[in-house]
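Data from my_file-v6.json: JSON, C-alpha atoms
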[["chain", "number", "residue", "atom", "x", "y", "z"],
["A", 1, "LEU", "CA", 38.39, -3.46, 13.51],
["A", 2, "ASN", "CA", 36.26, -0.94, 11.63],
["A", 3, "GLY", "CA", 33.21, -1.88, 13.65],
["A", 4, "ARG", "CA", 35.15, -1.60, 16.89],
["A", 5, "ILE", "CA", 36.46, 1.87, 16.03],
["A", 6, "TYR", "CA", 33.01, 2.99, 14.93],
["A", 7, "GLN", "CA", 31.36, 1.84, 18.16],
["A", 8, "TYR", "CA", 33.96, 2.82, 20.72],
["A", 9, "GLY", "CA", 36.16, 5.40, 19.03],
["A", 10, "TYR", "CA", 34.50, 8.29, 20.80],
["A", 11, "TYR", "CA", 35.32, 6.74, 24.18],
["A", 12, "GLN", "CA", 38.93, 6.26, 23.11],
["A", 13, "ALA", "CA", 39.04, 9.83, 21.82],
["A", 14, "ALA", "CA", 37.74, 11.12, 25.15],
["A", 15, "MET", "CA", 40.46, 9.29, 27.05],
["A", 16, "ALA", "CA", 43.13, 10.44, 24.61],
["A", 17, "GLY", "CA", 41.81, 13.98, 24.90],
["A", 18, "THR", "CA", 42.37, 13.78, 28.66],
["A", 19, "VAL", "CA", 45.72, 12.00, 28.68],
["A", 20, "VAL", "CA", 47.47, 14.10, 26.04],
["A", 21, "PRO", "CA", 46.86, 17.48, 27.74],
["A", 22, "ALA", "CA", 47.77, 15.98, 31.13],
["A", 23, "VAL", "CA", 51.10, 14.71, 29.78],
["A", 24, "LEU", "CA", 51.86, 18.01, 28.05],
["A", 25, "TRP", "CA", 50.95, 19.96, 31.18],
["A", 26, "GLY", "CA", 53.06, 17.83, 33.47],
["A", 27, "GLU", "CA", 56.03, 16.95, 31.26],
["A", 28, "SER", "CA", 56.63, 19.76, 28.75],
["A", 29, "PRO", "CA", 58.44, 22.08, 31.23],
["A", 30, "GLY", "CA", 60.82, 19.24, 32.07],
["A", 31, "TRP", "CA", 61.46, 18.53, 28.40],
["A", 32, "ALA", "CA", 62.39, 22.16, 27.83],
["A", 33, "ARG", "CA", 64.66, 22.18, 30.93],
["A", 34, "VAL", "CA", 63.60, 25.65, 32.01],
["A", 35, "GLN", "CA", 63.49, 27.36, 35.40],
["A", 36, "ARG", "CA", 60.35, 28.37, 37.28],
["A", 37, "GLN", "CA", 59.69, 31.48, 35.17],
["A", 38, "GLY", "CA", 60.10, 29.55, 31.94],
["A", 39, "ARG", "CA", 57.85, 26.83, 33.27],
["A", 40, "ALA", "CA", 55.11, 29.38, 33.95],
["A", 41, "ILE", "CA", 55.43, 30.79, 30.43],
["A", 42, "ILE", "CA", 55.15, 27.33, 28.87],
["A", 43, "LEU", "CA", 52.09, 26.46, 30.95],
["A", 44, "LEU", "CA", 50.40, 29.78, 30.15],
["A", 45, "GLY", "CA", 51.08, 29.20, 26.45],
["A", 46, "PHE", "CA", 49.63, 25.71, 26.75],
["A", 47, "LEU", "CA", 46.47, 27.08, 28.38],
["A", 48, "ALA", "CA", 46.21, 29.76, 25.68],
["A", 49, "LEU", "CA", 46.05, 26.95, 23.09],
["A", 50, "LEU", "CA", 43.84, 24.58, 25.07],
["A", 51, "LEU", "CA", 41.10, 26.79, 26.49],
["A", 52, "PRO", "CA", 39.90, 28.34, 23.18],
["A", 53, "GLY", "CA", 39.61, 24.85, 21.70],
["A", 54, "VAL", "CA", 37.58, 23.66, 24.69],
["A", 55, "ALA", "CA", 35.31, 26.70, 24.43],
["A", 56, "ILE", "CA", 34.75, 26.13, 20.71],
["A", 57, "LEU", "CA", 33.90, 22.44, 21.21],
["A", 58, "MET", "CA", 31.51, 23.27, 24.05],
["A", 59, "ALA", "CA", 29.74, 25.84, 21.88],
["A", 60, "GLN", "CA", 29.44, 23.37, 19.01],
["A", 61, "SER", "CA", 28.13, 20.63, 21.30],
["A", 62, "ARG", "CA", 25.57, 22.97, 22.81],
["A", 63, "HIS", "CA", 24.46, 24.06, 19.34],
["A", 64, "VAL", "CA", 23.94, 20.45, 18.21],
["A", 65, "TRP", "CA", 22.13, 19.63, 21.46],
["A", 66, "LYS", "CA", 19.75, 22.58, 21.03],
["A", 67, "MET", "CA", 18.95, 21.46, 17.47],
["A", 68, "LYS", "CA", 17.55, 18.15, 18.74],
["A", 69, "THR", "CA", 13.93, 19.14, 19.27],
["A", 70, "TYR", "CA", 11.99, 16.31, 17.64],
["A", 71, "ALA", "CA", 10.60, 13.80, 20.18],
["A", 72, "VAL", "CA", 10.69, 10.06, 19.48],
["A", 73, "GLY", "CA", 9.01, 7.65, 21.89],
["A", 74, "GLU", "CA", 6.67, 8.33, 24.78],
["A", 75, "GLY", "CA", 7.05, 8.65, 28.54],
["A", 76, "PRO", "CA", 10.30, 7.16, 29.86],
["A", 77, "ASP", "CA", 11.20, 6.04, 26.31],
["A", 78, "ARG", "CA", 11.21, 9.59, 24.97],
["A", 79, "PHE", "CA", 14.39, 10.99, 23.46],
["A", 80, "TYR", "CA", 15.06, 13.86, 21.11],
["A", 81, "THR", "CA", 16.63, 13.94, 17.68],
["A", 82, "PHE", "CA", 16.98, 16.37, 14.80],
["A", 83, "PRO", "CA", 13.75, 17.71, 13.25],
["A", 84, "PRO", "CA", 12.71, 16.29, 9.86],
["A", 85, "ARG", "CA", 13.99, 19.31, 7.92],
["A", 86, "ASN", "CA", 17.52, 18.54, 9.14],
["A", 87, "GLU", "CA", 17.50, 14.74, 9.34],
["A", 88, "PRO", "CA", 14.27, 12.76, 8.66],
["A", 89, "VAL", "CA", 15.39, 9.48, 10.23],
["A", 90, "GLY", "CA", 13.84, 10.46, 13.57],
["A", 91, "VAL", "CA", 10.36, 10.95, 12.15],
["A", 92, "ILE", "CA", 10.74, 7.73, 10.14],
["A", 93, "VAL", "CA", 11.63, 5.72, 13.25],
["A", 94, "ARG", "CA", 8.72, 7.27, 15.12],
["A", 95, "SER", "CA", 6.25, 6.52, 12.34],
["A", 96, "VAL", "CA", 7.41, 2.91, 11.98],
["A", 97, "ALA", "CA", 7.39, 2.25, 15.73],
["A", 98, "GLU", "CA", 3.91, 3.74, 16.20],
["A", 99, "PHE", "CA", 2.54, 1.63, 13.34],
["A", 100, "LEU", "CA", 4.03, -1.57, 14.71],
["A", 101, "ARG", "CA", 2.92, -0.89, 18.29],
["A", 102, "GLN", "CA", -0.65, -1.32, 17.11],
["A", 103, "GLN", "CA", 0.00, -5.02, 16.54],
["A", 104, "ARG", "CA", -1.22, -7.53, 19.08],
["A", 105, "GLY", "CA", 0.15, -10.78, 20.40],
["A", 106, "ASP", "CA", 3.61, -12.23, 20.81],
["A", 107, "GLN", "CA", 5.00, -11.16, 17.46],
["A", 108, "THR", "CA", 8.55, -10.66, 16.27],
["A", 109, "LEU", "CA", 10.33, -8.05, 14.17],
["A", 110, "LEU", "CA", 13.55, -8.10, 12.17],
["A", 111, "VAL", "CA", 15.05, -4.69, 11.29],
["A", 112, "LEU", "CA", 17.52, -4.53, 8.40],
["A", 113, "PRO", "CA", 20.31, -3.57, 8.19],
["A", 114, "GLU", "CA", 20.22, -2.31, 11.79],
["A", 115, "GLY", "CA", 17.68, -0.91, 14.23],
["A", 116, "LEU", "CA", 17.15, -2.52, 17.63],
["A", 117, "MET", "CA", 15.74, 0.82, 18.80],
["A", 118, "VAL", "CA", 12.75, 0.14, 16.54],
["A", 119, "ASN", "CA", 12.30, -3.26, 18.22],
["A", 120, "TYR", "CA", 12.39, -1.59, 21.61],
["A", 121, "LEU", "CA", 9.98, 1.23, 20.79],
["A", 122, "ALA", "CA", 7.55, -1.16, 19.08],
["A", 123, "ARG", "CA", 7.88, -3.72, 21.89],
["A", 124, "LEU", "CA", 8.56, -6.48, 19.36],
["A", 125, "ARG", "CA", 11.44, -8.83, 20.00],
["A", 126, "SER", "CA", 13.94, -9.83, 17.33],
["A", 127, "PRO", "CA", 14.10, -13.50, 16.27],
["A", 128, "LEU", "CA", 17.88, -13.29, 15.82],
["A", 129, "ALA", "CA", 20.69, -12.45, 18.21],
["A", 130, "PRO", "CA", 22.93, -10.10, 16.17],
["A", 131, "PRO", "CA", 22.43, -6.35, 16.79],
["A", 132, "MET", "CA", 23.08, -5.56, 13.10],
["A", 133, "TYR", "CA", 23.14, -7.42, 9.79],
["A", 134, "PHE", "CA", 26.28, -6.35, 7.96],
["A", 135, "SER", "CA", 30.06, -6.36, 8.46],
["A", 136, "VAL", "CA", 31.32, -9.12, 10.78],
["A", 137, "TYR", "CA", 27.81, -10.48, 11.32],
["A", 138, "THR", "CA", 27.24, -11.37, 7.64],
["A", 139, "GLU", "CA", 30.68, -11.77, 6.07],
["A", 140, "HIS", "CA", 32.51, -15.07, 5.38],
["A", 141, "GLY", "CA", 29.35, -17.14, 4.94],
["A", 142, "LYS", "CA", 27.56, -15.92, 8.07],
["A", 143, "GLU", "CA", 24.73, -14.34, 6.10],
["A", 144, "ALA", "CA", 23.67, -17.72, 4.70],
["A", 145, "LEU", "CA", 23.55, -19.09, 8.26],
["A", 146, "LEU", "CA", 21.30, -16.20, 9.29],
["A", 147, "VAL", "CA", 18.93, -17.01, 6.43],
["A", 148, "GLU", "CA", 18.79, -20.65, 7.55],
["A", 149, "GLU", "CA", 17.93, -19.51, 11.05],
["A", 150, "LEU", "CA", 15.22, -17.21, 9.73],
["A", 151, "GLN", "CA", 13.67, -20.13, 7.85],
["A", 152, "ARG", "CA", 13.35, -21.95, 11.17],
["A", 153, "GLN", "CA", 11.94, -18.97, 13.09],
["A", 154, "SER", "CA", 10.59, -16.42, 10.65],
["A", 155, "PRO", "CA", 9.69, -12.99, 12.08],
["A", 156, "ASP", "CA", 6.15, -11.71, 11.74],
["A", 157, "PHE", "CA", 7.40, -8.37, 10.46],
["A", 158, "VAL", "CA", 10.48, -7.06, 8.71],
["A", 159, "VAL", "CA", 11.51, -3.42, 8.52],
["A", 160, "ILE", "CA", 14.09, -2.21, 6.02],
["A", 161, "ILE", "CA", 15.28, 1.22, 7.15],
["A", 162, "SER", "CA", 17.86, 3.74, 5.97],
["A", 163, "ARG", "CA", 21.43, 3.23, 7.17],
["A", 164, "ASP", "CA", 24.45, 4.69, 5.41],
["A", 165, "LEU", "CA", 27.01, 1.86, 5.33],
["A", 166, "ARG", "CA", 29.63, 3.39, 3.06],
["A", 167, "GLU", "CA", 32.11, 3.53, 5.92],
["A", 168, "TYR", "CA", 31.91, -0.28, 5.90],
["A", 169, "GLY", "CA", 32.52, -0.40, 2.14],
["A", 170, "ILE", "CA", 28.83, -1.02, 1.32],
["A", 171, "ASN", "CA", 27.45, 1.45, -1.22],
["A", 172, "ARG", "CA", 23.98, -0.12, -1.25],
["A", 173, "TYR", "CA", 22.76, -2.68, 1.25],
["A", 174, "GLY", "CA", 22.05, -5.92, -0.59],
["A", 175, "GLU", "CA", 24.60, -5.36, -3.33],
["A", 176, "ALA", "CA", 26.35, -8.72, -2.76],
["A", 177, "PRO", "CA", 26.34, -11.83, -0.55],
["A", 178, "GLY", "CA", 27.74, -10.92, 2.84],
["A", 179, "ARG", "CA", 26.33, -7.42, 2.37],
["A", 180, "GLY", "CA", 22.65, -8.17, 2.83],
["A", 181, "GLN", "CA", 21.85, -9.69, -0.57],
["A", 182, "LEU", "CA", 20.81, -13.10, 0.77],
["A", 183, "LEU", "CA", 18.72, -11.60, 3.55],
["A", 184, "LEU", "CA", 16.87, -9.21, 1.24],
["A", 185, "ARG", "CA", 16.30, -11.98, -1.30],
["A", 186, "TRP", "CA", 14.75, -14.16, 1.40],
["A", 187, "VAL", "CA", 12.56, -11.31, 2.63],
["A", 188, "SER", "CA", 11.40, -10.51, -0.92],
["A", 189, "ALA", "CA", 10.38, -14.12, -1.47],
["A", 190, "ASN", "CA", 8.44, -14.49, 1.78],
["A", 191, "TYR", "CA", 7.03, -11.09, 2.75],
["A", 192, "ARG", "CA", 4.67, -8.49, 1.34],
["A", 193, "ILE", "CA", 4.88, -4.74, 1.77],
["A", 194, "LEU", "CA", 2.47, -3.22, 4.29],
["A", 195, "LYS", "CA", 3.65, 0.35, 4.39],
["A", 196, "ALA", "CA", 6.36, 2.58, 2.98],
["A", 197, "VAL", "CA", 7.64, 5.71, 4.74],
["A", 198, "GLY", "CA", 9.75, 8.29, 2.93],
["A", 199, "GLY", "CA", 12.06, 7.32, 0.09],
["A", 200, "ASP", "CA", 14.05, 4.25, -0.86],
["A", 201, "PRO", "CA", 15.79, 3.00, 2.32],
["A", 202, "LEU", "CA", 18.49, 1.26, 0.27],
["A", 203, "ASP", "CA", 19.55, 4.47, -1.50],
["A", 204, "VAL", "CA", 22.09, 6.35, 0.63],
["A", 205, "GLN", "CA", 20.89, 9.62, -0.91],
["A", 206, "GLN", "CA", 17.37, 9.07, 0.47],
["A", 207, "ARG", "CA", 15.78, 8.41, 3.85],
["A", 208, "GLY", "CA", 12.94, 5.97, 4.28],
["A", 209, "ALA", "CA", 11.63, 2.66, 5.58],
["A", 210, "ILE", "CA", 9.55, -0.26, 4.35],
["A", 211, "ILE", "CA", 7.40, -2.38, 6.67],
["A", 212, "LEU", "CA", 6.74, -5.93, 5.48],
["A", 213, "GLN", "CA", 4.57, -8.74, 6.84],
["A", 214, "ARG", "CA", 5.03, -12.47, 6.39],
["A", 215, "ASP", "CA", 2.94, -14.00, 3.62],
["A", 216, "GLY", "CA", -0.01, -15.88, 5.03],
["A", 217, "SER", "CA", -0.27, -13.71, 8.15],
["A", 218, "GLN", "CA", -3.44, -11.86, 9.06],
["A", 219, "PRO", "CA", -3.55, -8.28, 7.71],
["A", 220, "ALA", "CA", -2.12, -5.71, 10.09],
["A", 221, "ASN", "CA", -4.43, -3.26, 11.82]]
Mind turning this structure into structure tokens?
Amino acid sequence: LNGRIYQYGYYQAAMAGTVVPAVLWGESPGWARVQRQGRAIILLGFLALLLPGVAILMAQSRHVWKMKTYAVGEGPDRFYTFPPRNEPVGVIVRSVAEFLRQQRGDQTLLVLPEGLMVNYLARLRSPLAPPMYFSVYTEHGKEALLVEELQRQSPDFVVIISRDLREYGINRYGEAPGRGQLLLRWVSANYRILKAVGGDPLDVQQRGAIILQRDGSQPAN
């Protein structure tokens, strides 16, 4: 349920934000049982409450949109995010993707705990199907199954990147089985660090990423 609300809550909020004013606009005069003049007063009062809120939200949205000036990706892949001084994840994703795009051949990449955008920008497919590796995808014994699958088809590269998971009850990714511990243990035993960007990606107070390569693979360019 948490995952569902996190992914789709803003769509539900948008629909609720449309339905609630429509109901109030259409039904509140009838609830008050007023004549035409009273109806007009109620509707004007409703607009006096609604329109300032809409204007404030539009101004805030425009302000956030204007703050996104840092480009990630090239050509048709380009999108904009916050500059490093506000939120360094954008520059971290860009740095990791540019490093991995230098690799050649049909190689694979696993991003933990989440980061299919890195796969896309680096043009490296994921060996596993799940879009993220926490919550419903790792709980109740599923993480051990993912490790077994990785043993059969190990990725050439692994990226561990910052992701604040406290809303899912995870204070530090890898703190327990079902919360990334088995996956990180397997990666630690089979991969070596190629590059580190920023701070500790497992510390929610820091922003960073670690790029790892499978032991026995040829050194990266």
- Using all atoms listed in the file, find the one residue out of A:Arg214, A:Glu139, A:Pro113, A:Arg185 that sits nearest to Gln153 in chain A.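 The answer is A:Arg214, which sits nearest to Gln153 in chain A.
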- Item | Between CA of Pro177 in chain A and CA of Leu100 in chain A, distance in Å (one decimal) | 28.9 Å
- Work out how far apart CA of Glu114 in chain A and CA of Leu182 in chain A are and give it in Å to one decimal.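 Going from CA of Glu114 in chain A over to CA of Leu182 in chain A, I get 15.4 Å.
The space separating CA of Asp203 in chain A from CA of Thr108 in chain A comes to 25.8 Å.
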- Message: From the options A:Leu194, A:Leu49, A:Ala13, A:Met132, which residue's atoms come nearest to Arg163 in chain A, counting all atoms listed in the file?
- Response: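 Among the listed residues, the smallest separation from Arg163 in chain A belongs to A:Met132.
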- Leu128 in chain A: which residues within 10 Å, counting all atoms listed in the file, same-chain residues fewer than 4 positions away excluded, as a ChimeraX atom specification? /A:108-110,132-133,146,149-150,153-155
- Selection near Glu143 in chain A, 9 Å with all atoms listed in the file, sequence-local residues under 6 positions removed, as a ChimeraX atom specification: /A:133-134,137,177-183
- Message: Given only C-alpha atoms as the basis, pick out the residue of A:Ile193, A:Val118, A:Ile160, A:Val111 nearest to Val93 in chain A.
- Response: A:Val118
- Query: With only C-alpha atoms as the basis for distance, which of A:Ile161, A:Ala209, A:Val136, A:Val19 is at the shortest distance from Gly115 in chain A?
  - Reply: A:Ile161
Can you fill out range 115-126 of chain A with all heavy atoms and hand it back as a compact mmCIF listing (two decimals), in the frame of the given file?
# COMPACT_ATOMS: atom_id res chain seq x y z
N GLY A 115 18.73 -1.73 13.64
CA GLY A 115 17.68 -0.91 14.23
C GLY A 115 17.00 -1.52 15.43
O GLY A 115 15.77 -1.59 15.49
N LEU A 116 17.76 -1.96 16.42
CA LEU A 116 17.15 -2.52 17.63
C LEU A 116 16.30 -1.50 18.38
O LEU A 116 15.40 -1.87 19.14
CB LEU A 116 18.23 -3.07 18.56
CG LEU A 116 18.84 -4.42 18.17
CD1 LEU A 116 19.94 -4.80 19.15
CD2 LEU A 116 17.77 -5.50 18.12
N MET A 117 16.57 -0.20 18.16
CA MET A 117 15.74 0.82 18.80
C MET A 117 14.30 0.71 18.31
O MET A 117 13.36 0.95 19.09
CB MET A 117 16.30 2.21 18.52
CG MET A 117 15.46 3.35 19.10
SD MET A 117 15.18 3.21 20.89
CE MET A 117 16.83 3.59 21.51
N VAL A 118 14.10 0.34 17.05
CA VAL A 118 12.75 0.14 16.54
C VAL A 118 12.09 -1.03 17.25
O VAL A 118 10.91 -0.97 17.63
CB VAL A 118 12.77 -0.08 15.01
CG1 VAL A 118 11.36 -0.33 14.49
CG2 VAL A 118 13.39 1.12 14.31
N ASN A 119 12.83 -2.13 17.45
CA ASN A 119 12.30 -3.26 18.22
C ASN A 119 11.85 -2.82 19.60
O ASN A 119 10.77 -3.18 20.07
CB ASN A 119 13.36 -4.36 18.36
CG ASN A 119 13.66 -5.07 17.07
OD1 ASN A 119 14.50 -4.64 16.29
ND2 ASN A 119 12.97 -6.18 16.82
N TYR A 120 12.70 -2.02 20.25
CA TYR A 120 12.39 -1.59 21.61
C TYR A 120 11.16 -0.70 21.64
O TYR A 120 10.24 -0.93 22.45
CB TYR A 120 13.59 -0.86 22.20
CG TYR A 120 13.31 -0.24 23.54
CD1 TYR A 120 13.24 -1.03 24.69
CD2 TYR A 120 13.08 1.13 23.66
CE1 TYR A 120 12.96 -0.48 25.92
CE2 TYR A 120 12.81 1.69 24.89
CZ TYR A 120 12.74 0.89 26.01
OH TYR A 120 12.45 1.45 27.22
N LEU A 121 11.11 0.30 20.78
CA LEU A 121 9.98 1.23 20.79
C LEU A 121 8.68 0.54 20.41
O LEU A 121 7.62 0.88 20.93
CB LEU A 121 10.26 2.39 19.84
CG LEU A 121 11.40 3.34 20.24
CD1 LEU A 121 11.67 4.35 19.13
CD2 LEU A 121 11.09 4.05 21.55
N ALA A 122 8.75 -0.43 19.51
CA ALA A 122 7.55 -1.16 19.08
C ALA A 122 7.19 -2.30 20.01
O ALA A 122 6.12 -2.89 19.88
CB ALA A 122 7.75 -1.70 17.67
N ARG A 123 8.07 -2.61 20.95
CA ARG A 123 7.88 -3.72 21.89
C ARG A 123 7.71 -5.05 21.15
O ARG A 123 6.86 -5.88 21.48
CB ARG A 123 6.67 -3.47 22.79
CG ARG A 123 6.78 -2.23 23.69
CD ARG A 123 7.97 -2.33 24.64
NE ARG A 123 7.93 -1.33 25.69
CZ ARG A 123 8.50 -0.11 25.59
NH1 ARG A 123 9.16 0.23 24.47
NH2 ARG A 123 8.43 0.73 26.59
N LEU A 124 8.55 -5.23 20.12
CA LEU A 124 8.56 -6.48 19.36
C LEU A 124 9.97 -7.04 19.39
O LEU A 124 10.92 -6.38 18.98
CB LEU A 124 8.12 -6.23 17.91
CG LEU A 124 6.68 -5.74 17.69
CD1 LEU A 124 6.45 -5.41 16.23
CD2 LEU A 124 5.68 -6.78 18.17
N ARG A 125 10.12 -8.25 19.88
CA ARG A 125 11.44 -8.83 20.00
C ARG A 125 11.98 -9.27 18.64
O ARG A 125 11.21 -9.56 17.71
CB ARG A 125 11.42 -10.01 20.97
CG ARG A 125 10.51 -11.15 20.57
CD ARG A 125 10.42 -12.23 21.63
NE ARG A 125 9.47 -13.27 21.26
CZ ARG A 125 9.75 -14.31 20.49
NH1 ARG A 125 10.98 -14.45 20.00
NH2 ARG A 125 8.84 -15.20 20.20
N SER A 126 13.30 -9.36 18.55
CA SER A 126 13.94 -9.83 17.33
C SER A 126 14.11 -11.35 17.39
O SER A 126 14.42 -11.90 18.45
CB SER A 126 15.31 -9.17 17.16
OG SER A 126 16.00 -9.72 16.06
